[in-house]
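Each remark here refers to the structure printed beneath this line.
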Amino acid sequence: MKLYVILLLYPVVCYAQLDFTPLCIGDRLKTVYKQCMEEAGVSKADVTDFIDQKPAQNELAKCFRACVLTECNMMDENGNFKRNSAFEMAENFSTGQISEIKIIENVANMCLQNIPHATMGRCQKAEDFFMCTSEMCKTHYCFIYLQ
């Protein structure tokens with residue numbers, strides 16, 4: 001009986017140890033946008049610029065983008081990109097097609113290599129990463145879906 005209980009609880013304990021964050025799609029993404037709008041103090045126009053993949057118009061809009069990247073498990077609170085941020089970017093902001101996920105992941109990895117991580121703040125890093133991936137997707141034929 002003890003062995004049965006141990007075998008039953010083992011997957012639960014293992015699952016609890018994982019860093020599980022739900023995908024930033026659909027209602028979850030809307031919740032993240034609302035939370036980050038309040039946190040950064042931005043307008044709906046700033047969010048629309050983000051969705052339309054336009055450059056941020058001010059520092060608050062850049063911080064909104066950093067908040068989104070943090071809540072979607074790509075960046076930590078200190079502005080450091082996580083080890084799997086390129087994959088998270090692809091998984092969260094693609095149309096879901098396997099071929100496109102791989103392209104976005106490759107594009108995001110290229111952008112991460114070009115950001116001078118130590119010399120800028122969290123909000124500027126988020127802006128540079130976001131704009132780099134948006135621009136590179138234009139030439140690599142991928143689409144970043146932010147709705």
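Every chain in the structure tokens has a letter given in the order shown (A, B, ...), and although residue numbers restart at 1 in each chain, ligands are simply numbered from 1 in the order shown.
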Would you kindly return, as a compact mmCIF listing (two decimals) with all heavy atoms, in the first residue's frame, each protein, DNA or RNA residue with an atom no farther than 10 Å from any atom of Met89 (chain A), considering only C-alpha atoms and excluding same-chain residues fewer than 6 positions away?
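Dumped everything to result16.txt:
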# COMPACT_ATOMS: atom_id res chain seq x y z
N LEU A 23 0.64 29.51 -21.47
CA LEU A 23 0.94 30.29 -22.66
C LEU A 23 0.22 31.63 -22.64
O LEU A 23 -0.89 31.75 -22.12
CB LEU A 23 0.51 29.54 -23.91
CG LEU A 23 1.34 28.32 -24.30
CD1 LEU A 23 0.74 27.65 -25.52
CD2 LEU A 23 2.78 28.69 -24.55
N CYS A 24 0.85 32.64 -23.20
CA CYS A 24 0.25 33.97 -23.30
C CYS A 24 -0.54 34.05 -24.60
O CYS A 24 -0.10 34.67 -25.58
CB CYS A 24 1.32 35.04 -23.24
SG CYS A 24 1.89 35.37 -21.58
N LEU A 69 6.85 40.67 -21.54
CA LEU A 69 7.88 39.63 -21.67
C LEU A 69 8.11 38.90 -20.35
O LEU A 69 8.34 37.69 -20.33
CB LEU A 69 9.19 40.23 -22.19
CG LEU A 69 9.17 40.76 -23.61
CD1 LEU A 69 10.55 41.32 -24.00
CD2 LEU A 69 8.74 39.71 -24.61
N CYS A 72 5.05 36.66 -19.62
CA CYS A 72 5.00 35.55 -20.58
C CYS A 72 6.25 34.67 -20.50
O CYS A 72 6.54 33.91 -21.42
CB CYS A 72 4.77 36.08 -21.99
SG CYS A 72 3.14 36.83 -22.20
N ASN A 73 7.01 34.81 -19.42
CA ASN A 73 8.11 33.91 -19.07
C ASN A 73 9.32 34.01 -20.01
O ASN A 73 10.01 33.03 -20.23
CB ASN A 73 7.61 32.45 -19.01
CG ASN A 73 8.48 31.59 -18.13
OD1 ASN A 73 9.04 32.06 -17.16
ND2 ASN A 73 8.61 30.33 -18.48
N MET A 74 9.58 35.20 -20.53
CA MET A 74 10.74 35.38 -21.39
C MET A 74 11.85 36.19 -20.73
O MET A 74 13.00 36.09 -21.11
CB MET A 74 10.32 36.07 -22.69
CG MET A 74 9.48 35.18 -23.57
SD MET A 74 8.85 36.07 -24.98
CE MET A 74 7.12 36.11 -24.57
N ILE A 101 7.04 28.24 -35.68
CA ILE A 101 7.62 28.29 -34.33
C ILE A 101 9.14 28.20 -34.43
O ILE A 101 9.86 28.96 -33.78
CB ILE A 101 7.05 27.16 -33.44
CG1 ILE A 101 5.58 27.45 -33.10
CG2 ILE A 101 7.88 26.98 -32.17
CD1 ILE A 101 4.87 26.33 -32.37
N ILE A 104 10.59 31.54 -35.82
CA ILE A 104 10.56 32.61 -34.81
C ILE A 104 11.59 32.34 -33.72
O ILE A 104 12.27 33.27 -33.25
CB ILE A 104 9.14 32.79 -34.22
CG1 ILE A 104 8.18 33.31 -35.30
CG2 ILE A 104 9.16 33.75 -33.03
CD1 ILE A 104 6.74 33.39 -34.87
N GLU A 105 11.73 31.09 -33.32
CA GLU A 105 12.75 30.76 -32.32
C GLU A 105 14.15 31.12 -32.82
O GLU A 105 14.96 31.70 -32.08
CB GLU A 105 12.67 29.28 -31.96
CG GLU A 105 13.66 28.87 -30.88
CD GLU A 105 13.57 27.41 -30.51
OE1 GLU A 105 12.96 26.61 -31.26
OE2 GLU A 105 14.13 27.05 -29.47
N VAL A 107 14.93 33.37 -35.15
CA VAL A 107 14.99 34.84 -35.22
C VAL A 107 15.21 35.41 -33.82
O VAL A 107 16.07 36.28 -33.62
CB VAL A 107 13.69 35.40 -35.86
CG1 VAL A 107 13.54 36.88 -35.58
CG2 VAL A 107 13.69 35.14 -37.35
N ALA A 108 14.46 34.94 -32.85
CA ALA A 108 14.60 35.44 -31.47
C ALA A 108 15.99 35.15 -30.92
O ALA A 108 16.58 36.00 -30.24
CB ALA A 108 13.52 34.82 -30.58
N ASN A 109 16.54 33.99 -31.21
CA ASN A 109 17.91 33.69 -30.76
C ASN A 109 18.92 34.64 -31.38
O ASN A 109 19.84 35.09 -30.70
CB ASN A 109 18.27 32.23 -31.09
CG ASN A 109 17.87 31.28 -29.99
OD1 ASN A 109 17.98 31.59 -28.81
ND2 ASN A 109 17.38 30.12 -30.38
N PHE A 130 12.04 43.09 -28.84
CA PHE A 130 10.77 43.06 -29.55
C PHE A 130 10.89 43.63 -30.96
O PHE A 130 10.43 43.03 -31.93
CB PHE A 130 9.70 43.82 -28.75
CG PHE A 130 8.39 43.91 -29.46
CD1 PHE A 130 7.58 42.80 -29.57
CD2 PHE A 130 7.99 45.09 -30.05
CE1 PHE A 130 6.38 42.86 -30.26
CE2 PHE A 130 6.80 45.17 -30.73
CZ PHE A 130 5.99 44.05 -30.84
N THR A 133 12.97 41.27 -33.28
CA THR A 133 12.23 40.11 -33.76
C THR A 133 11.16 40.52 -34.77
O THR A 133 10.97 39.83 -35.78
CB THR A 133 11.58 39.31 -32.61
OG1 THR A 133 10.78 40.17 -31.80
CG2 THR A 133 12.63 38.63 -31.75
N ILE A 144 4.54 37.44 -36.09
CA ILE A 144 4.40 37.47 -34.63
C ILE A 144 2.97 37.89 -34.33
O ILE A 144 2.54 38.99 -34.68
CB ILE A 144 5.42 38.41 -33.99
CG1 ILE A 144 6.84 37.91 -34.29
CG2 ILE A 144 5.19 38.51 -32.50
CD1 ILE A 144 7.93 38.84 -33.84
For this session: Name the residues in contact with region 47-52 of chain A at a cut-off of 10 Å, using only C-alpha atoms, excluding same-chain residues fewer than 2 positions from it; report them as number ranges by chain.
Result: A: 33-34, 36-37, 42-45, 54-57, 61-62, 64-65, 127, 130-131, 134, 144-147
For this session: List every residue of chain A that DSSP, applied to the backbone of this structure, places in helix (DSSP H, G or I), and write the result as a PyMOL selection string.
Result: chain A and resi 2-17+26-40+44-51+59-71+85-92+98-114+117-119+122-140
Exercise. Any idea what's packed within 12 Å of Cys123 (chain A), counting only C-alpha atoms, ignoring anything in its chain fewer than 6 positions away? Could you give it as JSON, numbers by chain?
Worked result: {"A": [40, 56, 58, 59, 60, 61, 62, 63, 64, 65, 66, 67, 68, 69, 70, 75, 76, 77, 78, 79, 80, 81, 117, 129, 130]}
Could you turn the residues from that selection into a file that holds N, CA and C atoms, as a PDB file, in the first residue's frame?
ATOM      1  N   ALA A  40       2.513  49.591 -15.880  1.00  0.00           N
ATOM      2  CA  ALA A  40       3.379  50.551 -16.578  1.00  0.00           C
ATOM      3  C   ALA A  40       2.727  51.930 -16.718  1.00  0.00           C
ATOM      4  N   ALA A  56       7.944  51.630 -29.578  1.00  0.00           N
ATOM      5  CA  ALA A  56       7.354  52.293 -28.417  1.00  0.00           C
ATOM      6  C   ALA A  56       7.572  53.799 -28.525  1.00  0.00           C
ATOM      7  N   ASN A  58       7.413  55.954 -25.942  1.00  0.00           N
ATOM      8  CA  ASN A  58       7.956  56.544 -24.722  1.00  0.00           C
ATOM      9  C   ASN A  58       8.466  55.445 -23.794  1.00  0.00           C
ATOM     10  N   GLU A  59       9.080  55.851 -22.704  1.00  0.00           N
ATOM     11  CA  GLU A  59       9.672  54.894 -21.762  1.00  0.00           C
ATOM     12  C   GLU A  59       8.610  54.020 -21.102  1.00  0.00           C
ATOM     13  N   LEU A  60       7.447  54.581 -20.815  1.00  0.00           N
ATOM     14  CA  LEU A  60       6.377  53.777 -20.209  1.00  0.00           C
ATOM     15  C   LEU A  60       5.951  52.641 -21.137  1.00  0.00           C
ATOM     16  N   ALA A  61       5.869  52.934 -22.422  1.00  0.00           N
ATOM     17  CA  ALA A  61       5.490  51.900 -23.396  1.00  0.00           C
ATOM     18  C   ALA A  61       6.558  50.809 -23.475  1.00  0.00           C
ATOM     19  N   LYS A  62       7.824  51.197 -23.351  1.00  0.00           N
ATOM     20  CA  LYS A  62       8.903  50.198 -23.324  1.00  0.00           C
ATOM     21  C   LYS A  62       8.770  49.314 -22.082  1.00  0.00           C
ATOM     22  N   CYS A  63       8.408  49.921 -20.959  1.00  0.00           N
ATOM     23  CA  CYS A  63       8.246  49.155 -19.719  1.00  0.00           C
ATOM     24  C   CYS A  63       7.017  48.245 -19.782  1.00  0.00           C
ATOM     25  N   PHE A  64       5.989  48.661 -20.520  1.00  0.00           N
ATOM     26  CA  PHE A  64       4.843  47.782 -20.764  1.00  0.00           C
ATOM     27  C   PHE A  64       5.322  46.523 -21.482  1.00  0.00           C
ATOM     28  N   ARG A  65       6.162  46.689 -22.472  1.00  0.00           N
ATOM     29  CA  ARG A  65       6.683  45.555 -23.238  1.00  0.00           C
ATOM     30  C   ARG A  65       7.532  44.649 -22.351  1.00  0.00           C
ATOM     31  N   ALA A  66       8.327  45.244 -21.467  1.00  0.00           N
ATOM     32  CA  ALA A  66       9.121  44.441 -20.526  1.00  0.00           C
ATOM     33  C   ALA A  66       8.212  43.645 -19.598  1.00  0.00           C
ATOM     34  N   CYS A  67       7.134  44.254 -19.173  1.00  0.00           N
ATOM     35  CA  CYS A  67       6.160  43.565 -18.317  1.00  0.00           C
ATOM     36  C   CYS A  67       5.555  42.372 -19.052  1.00  0.00           C
ATOM     37  N   VAL A  68       5.181  42.567 -20.308  1.00  0.00           N
ATOM     38  CA  VAL A  68       4.602  41.467 -21.100  1.00  0.00           C
ATOM     39  C   VAL A  68       5.615  40.334 -21.227  1.00  0.00           C
ATOM     40  N   LEU A  69       6.854  40.666 -21.544  1.00  0.00           N
ATOM     41  CA  LEU A  69       7.879  39.633 -21.671  1.00  0.00           C
ATOM     42  C   LEU A  69       8.110  38.901 -20.348  1.00  0.00           C
ATOM     43  N   THR A  70       8.009  39.626 -19.243  1.00  0.00           N
ATOM     44  CA  THR A  70       8.180  39.007 -17.924  1.00  0.00           C
ATOM     45  C   THR A  70       7.009  38.089 -17.612  1.00  0.00           C
ATOM     46  N   MET A  75      11.468  37.001 -19.747  1.00  0.00           N
ATOM     47  CA  MET A  75      12.410  37.896 -19.088  1.00  0.00           C
ATOM     48  C   MET A  75      12.131  37.823 -17.587  1.00  0.00           C
ATOM     49  N   ASP A  76      13.195  37.940 -16.777  1.00  0.00           N
ATOM     50  CA  ASP A  76      12.957  37.971 -15.337  1.00  0.00           C
ATOM     51  C   ASP A  76      12.742  39.413 -14.873  1.00  0.00           C
ATOM     52  N   GLU A  77      12.462  39.579 -13.606  1.00  0.00           N
ATOM     53  CA  GLU A  77      12.154  40.911 -13.057  1.00  0.00           C
ATOM     54  C   GLU A  77      13.340  41.881 -13.148  1.00  0.00           C
ATOM     55  N   ASN A  78      14.554  41.343 -13.255  1.00  0.00           N
ATOM     56  CA  ASN A  78      15.746  42.183 -13.340  1.00  0.00           C
ATOM     57  C   ASN A  78      16.111  42.560 -14.773  1.00  0.00           C
ATOM     58  N   GLY A  79      15.338  42.075 -15.743  1.00  0.00           N
ATOM     59  CA  GLY A  79      15.608  42.405 -17.127  1.00  0.00           C
ATOM     60  C   GLY A  79      16.540  41.436 -17.828  1.00  0.00           C
ATOM     61  N   ASN A  80      16.775  40.297 -17.208  1.00  0.00           N
ATOM     62  CA  ASN A  80      17.601  39.272 -17.850  1.00  0.00           C
ATOM     63  C   ASN A  80      16.694  38.331 -18.637  1.00  0.00           C
ATOM     64  N   PHE A  81      17.108  38.028 -19.841  1.00  0.00           N
ATOM     65  CA  PHE A  81      16.343  37.082 -20.637  1.00  0.00           C
ATOM     66  C   PHE A  81      16.577  35.683 -20.092  1.00  0.00           C
ATOM     67  N   HIS A 117      23.370  42.961 -23.255  1.00  0.00           N
ATOM     68  CA  HIS A 117      22.633  42.694 -22.024  1.00  0.00           C
ATOM     69  C   HIS A 117      23.096  43.511 -20.814  1.00  0.00           C
ATOM     70  N   PHE A 129      14.645  43.852 -28.093  1.00  0.00           N
ATOM     71  CA  PHE A 129      14.327  42.458 -28.441  1.00  0.00           C
ATOM     72  C   PHE A 129      13.058  42.390 -29.282  1.00  0.00           C
ATOM     73  N   PHE A 130      12.036  43.092 -28.840  1.00  0.00           N
ATOM     74  CA  PHE A 130      10.767  43.063 -29.547  1.00  0.00           C
ATOM     75  C   PHE A 130      10.891  43.631 -30.958  1.00  0.00           C
TER      76      PHE A 130
END
For this session: For each of A:Ile98, A:Gln53, A:Asn92, A:Phe87, take the minimum atom-to-atom distance to Cys132 (chain A), counting only C-alpha atoms, then give the residue where this is smallest.
Result: A:Gln53
Problem set entry | Contacts of Ile115 (chain A) within 10 Å, only C-alpha atoms, excl. fewer than 4 positions in-chain, as a PyMOL selection string | chain A and resi 110-111+119-120+124-126+128-129+132
